[in-house]
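Chemist: Here you go, one structure.
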Amino acid sequence: MNLKLGGNTLNGSRRFTVSDWEGAVEEPQSGDVSVPQPVRNTSVRRGSDDFADNSNKPSSENSTAPSVSDNHSTTATTRRRSSVGSAMKGSIFRRFSFMGSQEGTVETATDSGSDRGTDFTSSSGSNIWSKLMSQNESLWDGVNGKEAFEDDDDDSLYDEDANRSVNCRKSMKRCGLTWWWETQHFFSTIVKYPHILVLSLLTFGVLCGVLMAAITAEKENYIEKQKATAEFVARETANWFKDEFRRAMLPLYSVQQGVLHSGYFDSLPEKIGRYPNLLIPGTEETPFTMRNVTGICDDRDMINKFRSIVRPVNKDNDLDGIVVGYRLFPNNVACLTEPHAQESSPGFNAMDFPQGEALLASDNVFGLDTGSTGFPLWKMITTDLFINRQFNIFGPFNMAPMTELICGHLAIWRDVDTTDVVQDTLNVHGTEVEGAWGFVVNFLDWTKMKDRSDIYKRFADCHLEFDLTRVSGSTVGLDSASLAKSENADKLTDKNAIFVTTDSLHGEWQNKVGSLNGWEPAWYPGAVAGIVLASFILAFLTASTLVERQLHRNLLYKVMPRRAIMKLQRGQTVLEKFNLVTIFFSDIVGFTNMAGNMTPIQVMKMLNELYTELDKLVEKHNVYKVETIGGESEKIYVHYIASAGTANIADTTVPLVLDAYMVVGGAPSRVPAPVAAERVALFALEAVNFVRKFRTKEGNQIFIRAGLASGPTVGGVVGRSMPRYCFFGDTVNFASRMESTSKKMKIQVADITYRLLQDAPTASFVMTKRVEGDIVGVQVKGKGHQTTYWIERAGPRAWDSYVNDDPEDVKRDVETPIISSKKSKENYGVKEADAAVEERNYTSEEIYDAMSSQDWENLGHASSSLVGATDDSYSLGFRAGALLEHHLLCVLQERDPNAEMSLSTKIQLNQFVQEVSETYGNAKFHNWSHANHVTTSMNKLLAVIQEGGEELVPLNSFSLVFAALVHDAGHTGMSNKILKDIDHPLSKKFDDSIPIAEKNSINIALNILFQENFSSLRNAILPGDMDKIEFARTLFQSILITDIATPDRVKLGIERYKASQGNEDPDAGLCPLSNHISDLFDGVGLEESVKDEHPDEFVVTSSGLKRCVRNEHLMLLSDVGHLCQSWENFIKWNFRLFKELMDCYRKKLCDNPRETWVQGQIDFFDKYIIPLVERCRILFPEEFSEALLTNAMNNLKLWTIFGVQATNMMALGVRNDEREDAVLVDLYGLGRDYLERIESKKSK
């Protein structure tokens, strides 16, 4: 096939190429495809040149390039493209691939320069686009390597590799990296949007709570059933034994009645007689008193009569095997036994009483007098029977060869009114019992009874263990309290068992029944784990859904304003008019030539790196990025028309080169025009500065030109399919012309923008008028000659440079502290600008109230932006200025209740604060940030004293806050000892007796205060000699005492404190200013005659010493206040001090602080901080004093626990030069986690 371009047919064997979109194209010879001259579509372009709509004209009419009309309404759309590479590849290769199988037309168009024609011209040079069309494989080197940029939306990039086998290791590595990236992205999103974590944890908590409540209820039901089962089995078993005991003891009553009423045994008591009749000599001294009953109890007739009573009774009650024998005790003497051990008559059947014969043979107690013996068992039995008159059951006890026996005893009583009775009473252990005849006994085989009860099987079948015991009943310790128990009964505890109590003839029984595994069901731990796992999975899925939703929302909000999205969702038309916005355009100079020497991947990466950083600046300055669009210097579009059968014609126009950048201020979020212009200008300055330092990976430098214009515009959404937020209007075109007529690395602004920037609220811009030769301004197409300006630089706006003719506006603005122009840098940083805007939203009194109302322990860590932790010097300056302004106003109103602070005084006060801030160096601890923390602490201490009911002296309070702010001014980050050791210039300025750094700070502060430009401020503070004396005295006292590294100065301060507690006149040697009187006079400009005019002010008195001690201790406590505050404050400043000393160590100025850091901090708490807090009790309410001590003790305790670990973390952070906030997060966690655990234990 032949491919025709512009009517010329080209053929050959090589692959087709396009040089500057005009040249020979070669293809197979199977057919012809006609390539006419380009067809122009109506499209929205940056600039004034638009393609005319010639799509409906015949192809012959399109052979000539149409003219370009000037259009002043230019549209900029918010197009977001992930990469240049995918746009180029997707828009070119897919289209030529399509043409390979379809009949179609390829048309190309080039527009070079904003003021050039649109005719196609030939170029002999080869650029990037010709390389693309040549399909040179070397062009795509690196696509499949490490430098590849993968676009998931365009699989055609990897079509060449589709049939290649993928190495398993590489696939696993890719999966791992993908997983790692997704995990990082997931958690970073959660950290950025805490509500996702809150909702996920809420989901986890609610789900866990509901499911745990359900299975807990099921568990409780299970436990109740188990306990009910255990109780039922225990009671059922106990009742069986209770009934069996009753049945086993019933024959005793029958035998009792048989003995009484048969008449067979009436003579036995008379034959045996009362004690000591028939007594066997010698037995009365033993535990077993015996009587000789031979011929009485072994009478054969008596034996047979007793047997004739017992055997039928035992047989009738079916107790054979349970009851193993009976005994009869007339006159409480053992006499008759059934079965009889010596019985040998054929009528005796030993099986009626299993093992009975063996029992009686092994335990022959005939003749034992139980009523007279001293043996405890028989004494207990007879006492129960005849004195307590109760039934007695004893046992179980072991009696070989039997296992366990229980015996029942029933008393036999006779009728004392019977005339045949020879004996009326019976002596029972010294007590005469009337009507007592004796008693009858039966023996129960307890082992056999347990076997019959199936007690072991009953509990085993229910998987229960038991321990059956007797808790009350007749016993003398010779029998066991344990009746029966399972093999593992010893493992039962109060937690895994219940107690079931039952009354029986044997006394009160208690059965301890339970399960070794506890009552909790075996499935419960698994169910809990399952619930936690399921809840975690659902919470994770919730978090994943919320993360995806948040990312989708973020992406959507980047594509289109939130307000527009909401309107589109409601089906409304999005159309907004903006009266005055500022638009920024930039373009890369020489981008076409640069891109011609780079591969598409390199072009894409370069632009991505560049514009990613510019996008960060967009967010930083709170402006709106409209789009990244094709450069004005050369726009290339690929247009194809394809048809198949009766299919409709497809028409697509795609911009390929995205080298221009457009930003809008004041829309779609509306802000005042000066604010919008300021934001865009600051963005432009920082963007140019960034590009100035930017280098490609090949080391090439990029240059841009930028332009700004301001005016009205209209914003709205165009289309319904893939809608885009666009800006329309002449201002868009004008901004484009400002860029196209600008110069390399210059920012050109229109006249209206220049005037808006002059009214910028926080920044002062240095702008110069554009003059080239005798021509002022520039010729702008469609606008004519325009006066324009270059933005050179910007700095913070000073009050003296802020022009405002409205007195009310001036008054309102100066109520907020402002920074001095001397603090400005050549380029005003965004962080400082944002901080300035944030603080300017509040008055000085609002800032003072917010800072004074903070909790002492959390100073600098509250959530409010006014009191939150920051190291931004501008914000710190605002805060310090607000505190000084409040206290100075109190001084003025003490002198005159109607006094107000003048505008010049306010301005000079805040300029003074900024000049002081410049005297603080880059020391890690003794810096501007620490000075502000000490100032904030001092202000808080004064507020606490005032709240406690003490009336403050305004000038004293102002002087203390002033001293706190300047107490480390000019600090070098080195101690006084180091300054002396290295012979520092400061050490030569002062005597050895004077603290170097502290005296230098006083001199710096006073030198600044007494400059001519601070006359209004100075007159407000020090209008008279007495004010100067009080101010200077407080300043010197409170700053000199902060030299706590000198032991003698610390001891002298303690001596002053002790002396101040008495009413006696103190020693003149205690005065801390005795060596500094001349410096004091010189510092505040006092004449020597003042001593004579006010002699009392220069004498050491008791009241003066008290004021001195108060000033010193307030400053000392403020200076080390972080040690008596929260763990976060303590560890933050501890780390900074450690870093400062490590800097000295690296310079070989001191020993390694790490070696003694842990113990040194402990000693500092014990020997300095805690005694200082105790001395300060006289200054504050008791509650606050206790809080100070508690905080100090808590920090000491935490440091004692975590000091070694914290020191190692600090040292590691210093060694690796880690970011401070990263190290502090870990250090904060040490104490916070410990305190949370302690609180959790207390709550439990």
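Scheme for the structure tokens: letters A, B, ... for chains in order shown; per-chain residue numbers from 1; ligand numbers from 1 in order shown.
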Could you give me, as a list in words, the residues within 10 Å of A:Gly258, counting only C-alpha atoms and dropping anything in the same chain fewer than 6 positions from it?
Modeler: Leu252, Tyr264, Phe265, Phe306, Ser308, Ile309, Val310 and Val313 of chain A
Chemist: Could you list, as a PyMOL selection string, every residue within 6 Å of A:Val680, counting only C-alpha atoms and ignoring same-chain residues fewer than 3 positions away?
Modeler: chain A and resi 665+677+683
Chemist: Write out, as a PDB file, in the first residue's frame, the residues just selected, with C-alpha atoms.
Modeler:
ATOM      1  CA  GLY A 665      -5.812  33.573  42.671  1.00  0.00           C
ATOM      2  CA  ALA A 677      -2.673  39.177  43.813  1.00  0.00           C
ATOM      3  CA  PHE A 683       3.838  31.847  44.268  1.00  0.00           C
TER       4      PHE A 683
END
Chemist: Which one is closest to A:Tyr725: A:Ala1187, A:Leu1224, A:Leu575, A:Ala760? Count only C-alpha atoms.
Modeler: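 Using only C-alpha atoms, A:Tyr725 sits closest to A:Leu575.
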Chemist: Taking only C-alpha atoms into account, which of A:Arg246, A:Arg414, A:Arg235, A:Lys1167 comes nearest A:Leu260?
Modeler: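 Answer, going by the shortest atom-to-atom distance: A:Arg414.
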Chemist: Near A:Tyr1057, counting only C-alpha atoms, which residues have an atom at most 9 Å away, once you skip same-chain residues fewer than 6 positions from it, shown as a list in words?
Modeler: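 With the cut-off at 9 Å, the set is Leu1105, Lys1106, Val1109, Arg1110, His1113 and Arg1175 of chain A.
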Chemist: Could you write out, as a PyMOL selection string, all the residues of stretch 264-311 of chain A that DSSP marks as helix (DSSP H, G or I)?
Modeler: chain A and resi 268-272+283-285+300-311
Chemist: Take the selection from the previous step and output its residues with N, CA and C atoms, as a PDB file, in the first residue's frame.
Modeler:
ATOM      1  N   LEU A 268     -29.771 -58.771 131.201  1.00  0.00           N
ATOM      2  CA  LEU A 268     -28.373 -58.426 130.898  1.00  0.00           C
ATOM      3  C   LEU A 268     -27.864 -57.241 131.726  1.00  0.00           C
ATOM      4  N   PRO A 269     -28.606 -56.144 131.854  1.00  0.00           N
ATOM      5  CA  PRO A 269     -28.083 -55.048 132.689  1.00  0.00           C
ATOM      6  C   PRO A 269     -27.827 -55.468 134.123  1.00  0.00           C
ATOM      7  N   GLU A 270     -28.740 -56.304 134.642  1.00  0.00           N
ATOM      8  CA  GLU A 270     -28.560 -56.723 136.039  1.00  0.00           C
ATOM      9  C   GLU A 270     -27.326 -57.614 136.170  1.00  0.00           C
ATOM     10  N   LYS A 271     -27.113 -58.513 135.180  1.00  0.00           N
ATOM     11  CA  LYS A 271     -25.950 -59.392 135.243  1.00  0.00           C
ATOM     12  C   LYS A 271     -24.646 -58.613 135.111  1.00  0.00           C
ATOM     13  N   ILE A 272     -24.640 -57.667 134.262  1.00  0.00           N
ATOM     14  CA  ILE A 272     -23.405 -56.882 134.062  1.00  0.00           C
ATOM     15  C   ILE A 272     -23.184 -55.931 135.235  1.00  0.00           C
ATOM     16  N   THR A 283      -7.559 -52.263 133.905  1.00  0.00           N
ATOM     17  CA  THR A 283      -8.071 -51.602 132.700  1.00  0.00           C
ATOM     18  C   THR A 283      -8.611 -50.219 133.008  1.00  0.00           C
ATOM     19  N   GLU A 284      -8.872 -49.936 134.288  1.00  0.00           N
ATOM     20  CA  GLU A 284      -9.420 -48.625 134.610  1.00  0.00           C
ATOM     21  C   GLU A 284      -8.376 -47.519 134.403  1.00  0.00           C
ATOM     22  N   GLU A 285      -7.095 -47.929 134.340  1.00  0.00           N
ATOM     23  CA  GLU A 285      -6.034 -46.948 134.114  1.00  0.00           C
ATOM     24  C   GLU A 285      -5.751 -46.744 132.632  1.00  0.00           C
ATOM     25  N   ARG A 300     -24.864 -68.919 124.591  1.00  0.00           N
ATOM     26  CA  ARG A 300     -25.348 -69.326 123.280  1.00  0.00           C
ATOM     27  C   ARG A 300     -26.789 -68.938 123.094  1.00  0.00           C
ATOM     28  N   ASP A 301     -27.580 -69.054 124.088  1.00  0.00           N
ATOM     29  CA  ASP A 301     -29.000 -68.727 123.971  1.00  0.00           C
ATOM     30  C   ASP A 301     -29.174 -67.249 123.691  1.00  0.00           C
ATOM     31  N   MET A 302     -28.362 -66.392 124.383  1.00  0.00           N
ATOM     32  CA  MET A 302     -28.436 -64.947 124.162  1.00  0.00           C
ATOM     33  C   MET A 302     -28.039 -64.599 122.725  1.00  0.00           C
ATOM     34  N   ILE A 303     -26.995 -65.317 122.276  1.00  0.00           N
ATOM     35  CA  ILE A 303     -26.517 -65.025 120.912  1.00  0.00           C
ATOM     36  C   ILE A 303     -27.596 -65.354 119.905  1.00  0.00           C
ATOM     37  N   ASN A 304     -28.236 -66.493 120.071  1.00  0.00           N
ATOM     38  CA  ASN A 304     -29.265 -66.884 119.098  1.00  0.00           C
ATOM     39  C   ASN A 304     -30.464 -65.961 119.165  1.00  0.00           C
ATOM     40  N   LYS A 305     -30.809 -65.487 120.360  1.00  0.00           N
ATOM     41  CA  LYS A 305     -31.939 -64.574 120.470  1.00  0.00           C
ATOM     42  C   LYS A 305     -31.641 -63.242 119.770  1.00  0.00           C
ATOM     43  N   PHE A 306     -30.402 -62.764 119.960  1.00  0.00           N
ATOM     44  CA  PHE A 306     -30.052 -61.499 119.288  1.00  0.00           C
ATOM     45  C   PHE A 306     -30.044 -61.669 117.771  1.00  0.00           C
ATOM     46  N   ARG A 307     -29.576 -62.887 117.346  1.00  0.00           N
ATOM     47  CA  ARG A 307     -29.567 -63.149 115.914  1.00  0.00           C
ATOM     48  C   ARG A 307     -30.967 -63.233 115.371  1.00  0.00           C
ATOM     49  N   SER A 308     -31.884 -63.804 116.166  1.00  0.00           N
ATOM     50  CA  SER A 308     -33.258 -63.954 115.688  1.00  0.00           C
ATOM     51  C   SER A 308     -33.942 -62.608 115.499  1.00  0.00           C
ATOM     52  N   ILE A 309     -33.447 -61.598 116.164  1.00  0.00           N
ATOM     53  CA  ILE A 309     -34.006 -60.240 115.977  1.00  0.00           C
ATOM     54  C   ILE A 309     -33.339 -59.531 114.797  1.00  0.00           C
ATOM     55  N   VAL A 310     -32.030 -59.657 114.719  1.00  0.00           N
ATOM     56  CA  VAL A 310     -31.259 -58.846 113.758  1.00  0.00           C
ATOM     57  C   VAL A 310     -31.426 -59.341 112.338  1.00  0.00           C
ATOM     58  N   ARG A 311     -31.284 -60.641 112.140  1.00  0.00           N
ATOM     59  CA  ARG A 311     -31.222 -61.138 110.761  1.00  0.00           C
ATOM     60  C   ARG A 311     -32.490 -60.849 109.972  1.00  0.00           C
TER      61      ARG A 311
END
Chemist: Neighbours of stretch 436-439 of chain A within 10 Å (only C-alpha atoms; same-chain residues fewer than 2 positions away dropped), as a PyMOL selection string?
Modeler: chain A and resi 252+256+259-260+266+268-269+327-334+370-371+382+385-386+409-416+423-428+432-434+441
Chemist: Dump N, CA, C and O atoms for the selected residues as a short mmCIF file (atom, residue, chain, number, x, y, z; two decimals), in the first residue's frame?
Modeler:
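Result saved to part_35.cif:
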data_model
loop_
_atom_site.label_atom_id
_atom_site.label_comp_id
_atom_site.auth_asym_id
_atom_site.auth_seq_id
_atom_site.Cartn_x
_atom_site.Cartn_y
_atom_site.Cartn_z
N LEU A 252 -32.11 -50.05 112.98
CA LEU A 252 -31.71 -49.84 114.37
C LEU A 252 -32.92 -49.65 115.26
O LEU A 252 -32.95 -50.10 116.42
N GLN A 256 -33.89 -51.90 118.30
CA GLN A 256 -34.13 -51.27 119.60
C GLN A 256 -35.43 -51.78 120.21
O GLN A 256 -35.49 -52.16 121.39
N VAL A 259 -35.24 -55.50 121.24
CA VAL A 259 -34.50 -55.70 122.49
C VAL A 259 -35.37 -55.33 123.69
O VAL A 259 -35.40 -56.02 124.72
N LEU A 260 -36.13 -54.25 123.56
CA LEU A 260 -36.94 -53.78 124.67
C LEU A 260 -38.13 -54.70 124.93
O LEU A 260 -38.47 -54.99 126.07
N ASP A 266 -33.66 -58.61 129.15
CA ASP A 266 -33.95 -57.77 130.32
C ASP A 266 -32.95 -58.02 131.46
O ASP A 266 -32.68 -57.13 132.28
N LEU A 268 -29.77 -58.77 131.20
CA LEU A 268 -28.37 -58.43 130.90
C LEU A 268 -27.86 -57.24 131.73
O LEU A 268 -26.76 -57.32 132.28
N PRO A 269 -28.61 -56.14 131.85
CA PRO A 269 -28.08 -55.05 132.69
C PRO A 269 -27.83 -55.47 134.12
O PRO A 269 -26.85 -55.03 134.75
N ARG A 327 -24.27 -54.52 116.93
CA ARG A 327 -23.76 -54.78 118.27
C ARG A 327 -24.76 -54.23 119.27
O ARG A 327 -25.42 -53.23 119.03
N LEU A 328 -24.78 -54.92 120.45
CA LEU A 328 -25.68 -54.52 121.53
C LEU A 328 -24.82 -54.18 122.75
O LEU A 328 -23.94 -54.94 123.14
N PHE A 329 -25.11 -53.01 123.34
CA PHE A 329 -24.34 -52.50 124.47
C PHE A 329 -25.29 -52.30 125.66
O PHE A 329 -25.73 -51.18 125.92
N PRO A 330 -25.68 -53.38 126.41
CA PRO A 330 -26.46 -53.17 127.63
C PRO A 330 -25.57 -52.52 128.69
O PRO A 330 -24.40 -52.87 128.84
N ASN A 331 -26.15 -51.59 129.43
CA ASN A 331 -25.39 -50.82 130.42
C ASN A 331 -24.14 -50.20 129.80
O ASN A 331 -23.12 -50.02 130.44
N ASN A 332 -24.23 -49.92 128.47
CA ASN A 332 -23.13 -49.31 127.69
C ASN A 332 -21.90 -50.19 127.65
O ASN A 332 -20.79 -49.70 127.42
N VAL A 333 -22.08 -51.52 127.86
CA VAL A 333 -20.97 -52.47 127.81
C VAL A 333 -21.15 -53.33 126.59
O VAL A 333 -22.25 -53.88 126.35
N ALA A 334 -20.09 -53.47 125.78
CA ALA A 334 -20.15 -54.27 124.56
C ALA A 334 -20.42 -55.71 124.93
O ALA A 334 -19.65 -56.32 125.68
N THR A 370 -18.25 -48.52 127.60
CA THR A 370 -18.17 -47.23 126.88
C THR A 370 -18.62 -46.07 127.76
O THR A 370 -18.29 -44.92 127.49
N GLY A 371 -19.39 -46.36 128.83
CA GLY A 371 -19.84 -45.27 129.68
C GLY A 371 -18.81 -44.84 130.69
O GLY A 371 -18.98 -43.81 131.34
N THR A 382 -21.41 -41.86 123.67
CA THR A 382 -22.33 -42.00 124.80
C THR A 382 -22.85 -40.65 125.28
O THR A 382 -23.99 -40.55 125.75
N LEU A 385 -25.64 -39.79 122.94
CA LEU A 385 -26.81 -40.64 123.05
C LEU A 385 -27.60 -40.36 124.33
O LEU A 385 -28.84 -40.28 124.29
N PHE A 386 -26.92 -40.22 125.48
CA PHE A 386 -27.63 -40.21 126.75
C PHE A 386 -27.70 -38.83 127.41
O PHE A 386 -28.60 -38.56 128.17
N HIS A 409 -25.49 -45.21 115.94
CA HIS A 409 -25.71 -45.53 117.36
C HIS A 409 -27.07 -45.01 117.76
O HIS A 409 -27.35 -43.82 117.57
N LEU A 410 -27.87 -45.91 118.38
CA LEU A 410 -29.21 -45.54 118.82
C LEU A 410 -29.38 -45.96 120.28
O LEU A 410 -29.16 -47.13 120.63
N ALA A 411 -29.75 -45.02 121.12
CA ALA A 411 -29.91 -45.31 122.56
C ALA A 411 -31.18 -46.15 122.79
O ALA A 411 -32.16 -46.02 122.07
N ILE A 412 -31.09 -47.00 123.85
CA ILE A 412 -32.24 -47.81 124.26
C ILE A 412 -32.65 -47.32 125.65
O ILE A 412 -31.83 -47.32 126.59
N TRP A 413 -33.91 -46.92 125.75
CA TRP A 413 -34.43 -46.37 127.01
C TRP A 413 -35.48 -47.34 127.57
O TRP A 413 -36.27 -47.91 126.84
N ARG A 414 -35.46 -47.42 128.86
CA ARG A 414 -36.45 -48.31 129.51
C ARG A 414 -37.42 -47.47 130.33
O ARG A 414 -37.12 -46.33 130.70
N ASP A 415 -38.55 -48.09 130.60
CA ASP A 415 -39.60 -47.41 131.37
C ASP A 415 -39.25 -47.49 132.85
O ASP A 415 -39.24 -48.57 133.45
N VAL A 416 -38.99 -46.39 133.49
CA VAL A 416 -38.54 -46.39 134.90
C VAL A 416 -39.67 -46.70 135.86
O VAL A 416 -39.44 -46.96 137.03
N GLN A 423 -32.63 -51.47 138.19
CA GLN A 423 -31.69 -50.34 138.09
C GLN A 423 -32.40 -49.18 137.43
O GLN A 423 -32.85 -49.29 136.29
N ASP A 424 -32.51 -48.07 138.07
CA ASP A 424 -33.25 -46.92 137.53
C ASP A 424 -32.35 -45.97 136.75
O ASP A 424 -32.80 -45.28 135.83
N THR A 425 -31.10 -45.87 137.11
CA THR A 425 -30.20 -44.91 136.46
C THR A 425 -28.96 -45.61 135.96
O THR A 425 -28.63 -46.71 136.39
N LEU A 426 -28.28 -44.88 135.02
CA LEU A 426 -27.04 -45.40 134.44
C LEU A 426 -26.02 -44.27 134.47
O LEU A 426 -26.31 -43.14 134.03
N ASN A 427 -24.84 -44.60 134.98
CA ASN A 427 -23.78 -43.59 135.08
C ASN A 427 -23.06 -43.50 133.75
O ASN A 427 -22.48 -44.47 133.27
N VAL A 428 -23.14 -42.31 133.18
CA VAL A 428 -22.45 -42.06 131.89
C VAL A 428 -21.39 -41.00 132.15
O VAL A 428 -21.70 -39.80 132.25
N GLU A 432 -25.46 -39.32 136.08
CA GLU A 432 -26.50 -40.33 136.25
C GLU A 432 -27.64 -40.03 135.29
O GLU A 432 -28.26 -38.97 135.36
N VAL A 433 -27.88 -40.96 134.39
CA VAL A 433 -28.92 -40.77 133.37
C VAL A 433 -30.06 -41.72 133.72
O VAL A 433 -29.86 -42.95 133.77
N GLU A 434 -31.20 -41.14 133.92
CA GLU A 434 -32.36 -41.94 134.33
C GLU A 434 -32.97 -42.63 133.11
O GLU A 434 -33.15 -42.02 132.07
N VAL A 441 -25.83 -50.70 117.93
CA VAL A 441 -24.96 -50.14 116.87
C VAL A 441 -25.10 -50.98 115.62
O VAL A 441 -25.20 -52.21 115.72
#
Chemist: Might you pull out every residue within 9 Å of A:Arg1136, with only C-alpha atoms counted and same-chain residues fewer than 5 positions away left off, and present them as a PDB file with C-alpha atoms, in the first residue's frame?
Modeler:
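Output saved as around_34.pdb:
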ATOM      1  CA  ALA A 923      22.043  27.887  69.265  1.00  0.00           C
ATOM      2  CA  LYS A 924      19.943  24.772  69.759  1.00  0.00           C
ATOM      3  CA  PHE A 925      18.734  25.726  73.251  1.00  0.00           C
ATOM      4  CA  HIS A 926      19.555  29.336  74.091  1.00  0.00           C
ATOM      5  CA  ILE A1131      11.940  16.355  77.172  1.00  0.00           C
ATOM      6  CA  LEU A1141      26.184  20.741  74.291  1.00  0.00           C
ATOM      7  CA  GLU A1220      13.902  17.113  65.560  1.00  0.00           C
TER       8      GLU A1220
END
Chemist: Step one, run DSSP on the backbone; step two, keep only residues of stretch 566-767 of chain A assigned to strand (DSSP E or B); then write them as a VMD selection string.
Modeler: chain A and resid 575 to 588 624 to 629 634 to 642 654 to 655 660 to 665 695 701 704 to 718 724 to 729 747 to 750 763 to 767
Chemist: Nearest residue to A:Tyr1228 out of A:Val867, A:Trp1199, A:Phe585, A:Arg695, using only C-alpha atoms?
Modeler: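 Of all the options, A:Trp1199 lies closest to A:Tyr1228.
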Chemist: Between A:Ala882, A:Gln914, A:Asn277, A:Gln786, which is the closest to A:Asp849 once you count only C-alpha atoms?
Modeler: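 Of the candidates, the smallest distance to A:Asp849 is held by A:Ala882.
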Chemist: Which residue is closest to A:Val771? Choose from A:Thr599, A:Thr788, A:Asn1013, A:Ser535 and count only C-alpha atoms.
Modeler: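 Among the listed residues, the smallest separation from A:Val771 belongs to A:Thr788.
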Chemist: Need to verify the contact set: A:Glu1174, 12 Å, only C-alpha atoms, exclusion of same-chain residues closer than 4 positions in sequence. Can you return it as a list of chain:residue names?
Modeler: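 Residues meeting the cut-off are A:Ile1054, A:Tyr1057, A:His1113, A:Leu1117, A:Cys1124, A:Asp1166, A:Lys1167, A:Tyr1168, A:Ile1169, A:Ile1170, A:Ile1178, A:Leu1179, A:Phe1180, A:Glu1182, A:Phe1184, A:Ser1185, A:Glu1186, A:Ala1187, A:Leu1188, A:Leu1189, A:Thr1190, A:Ala1192, A:Met1193.
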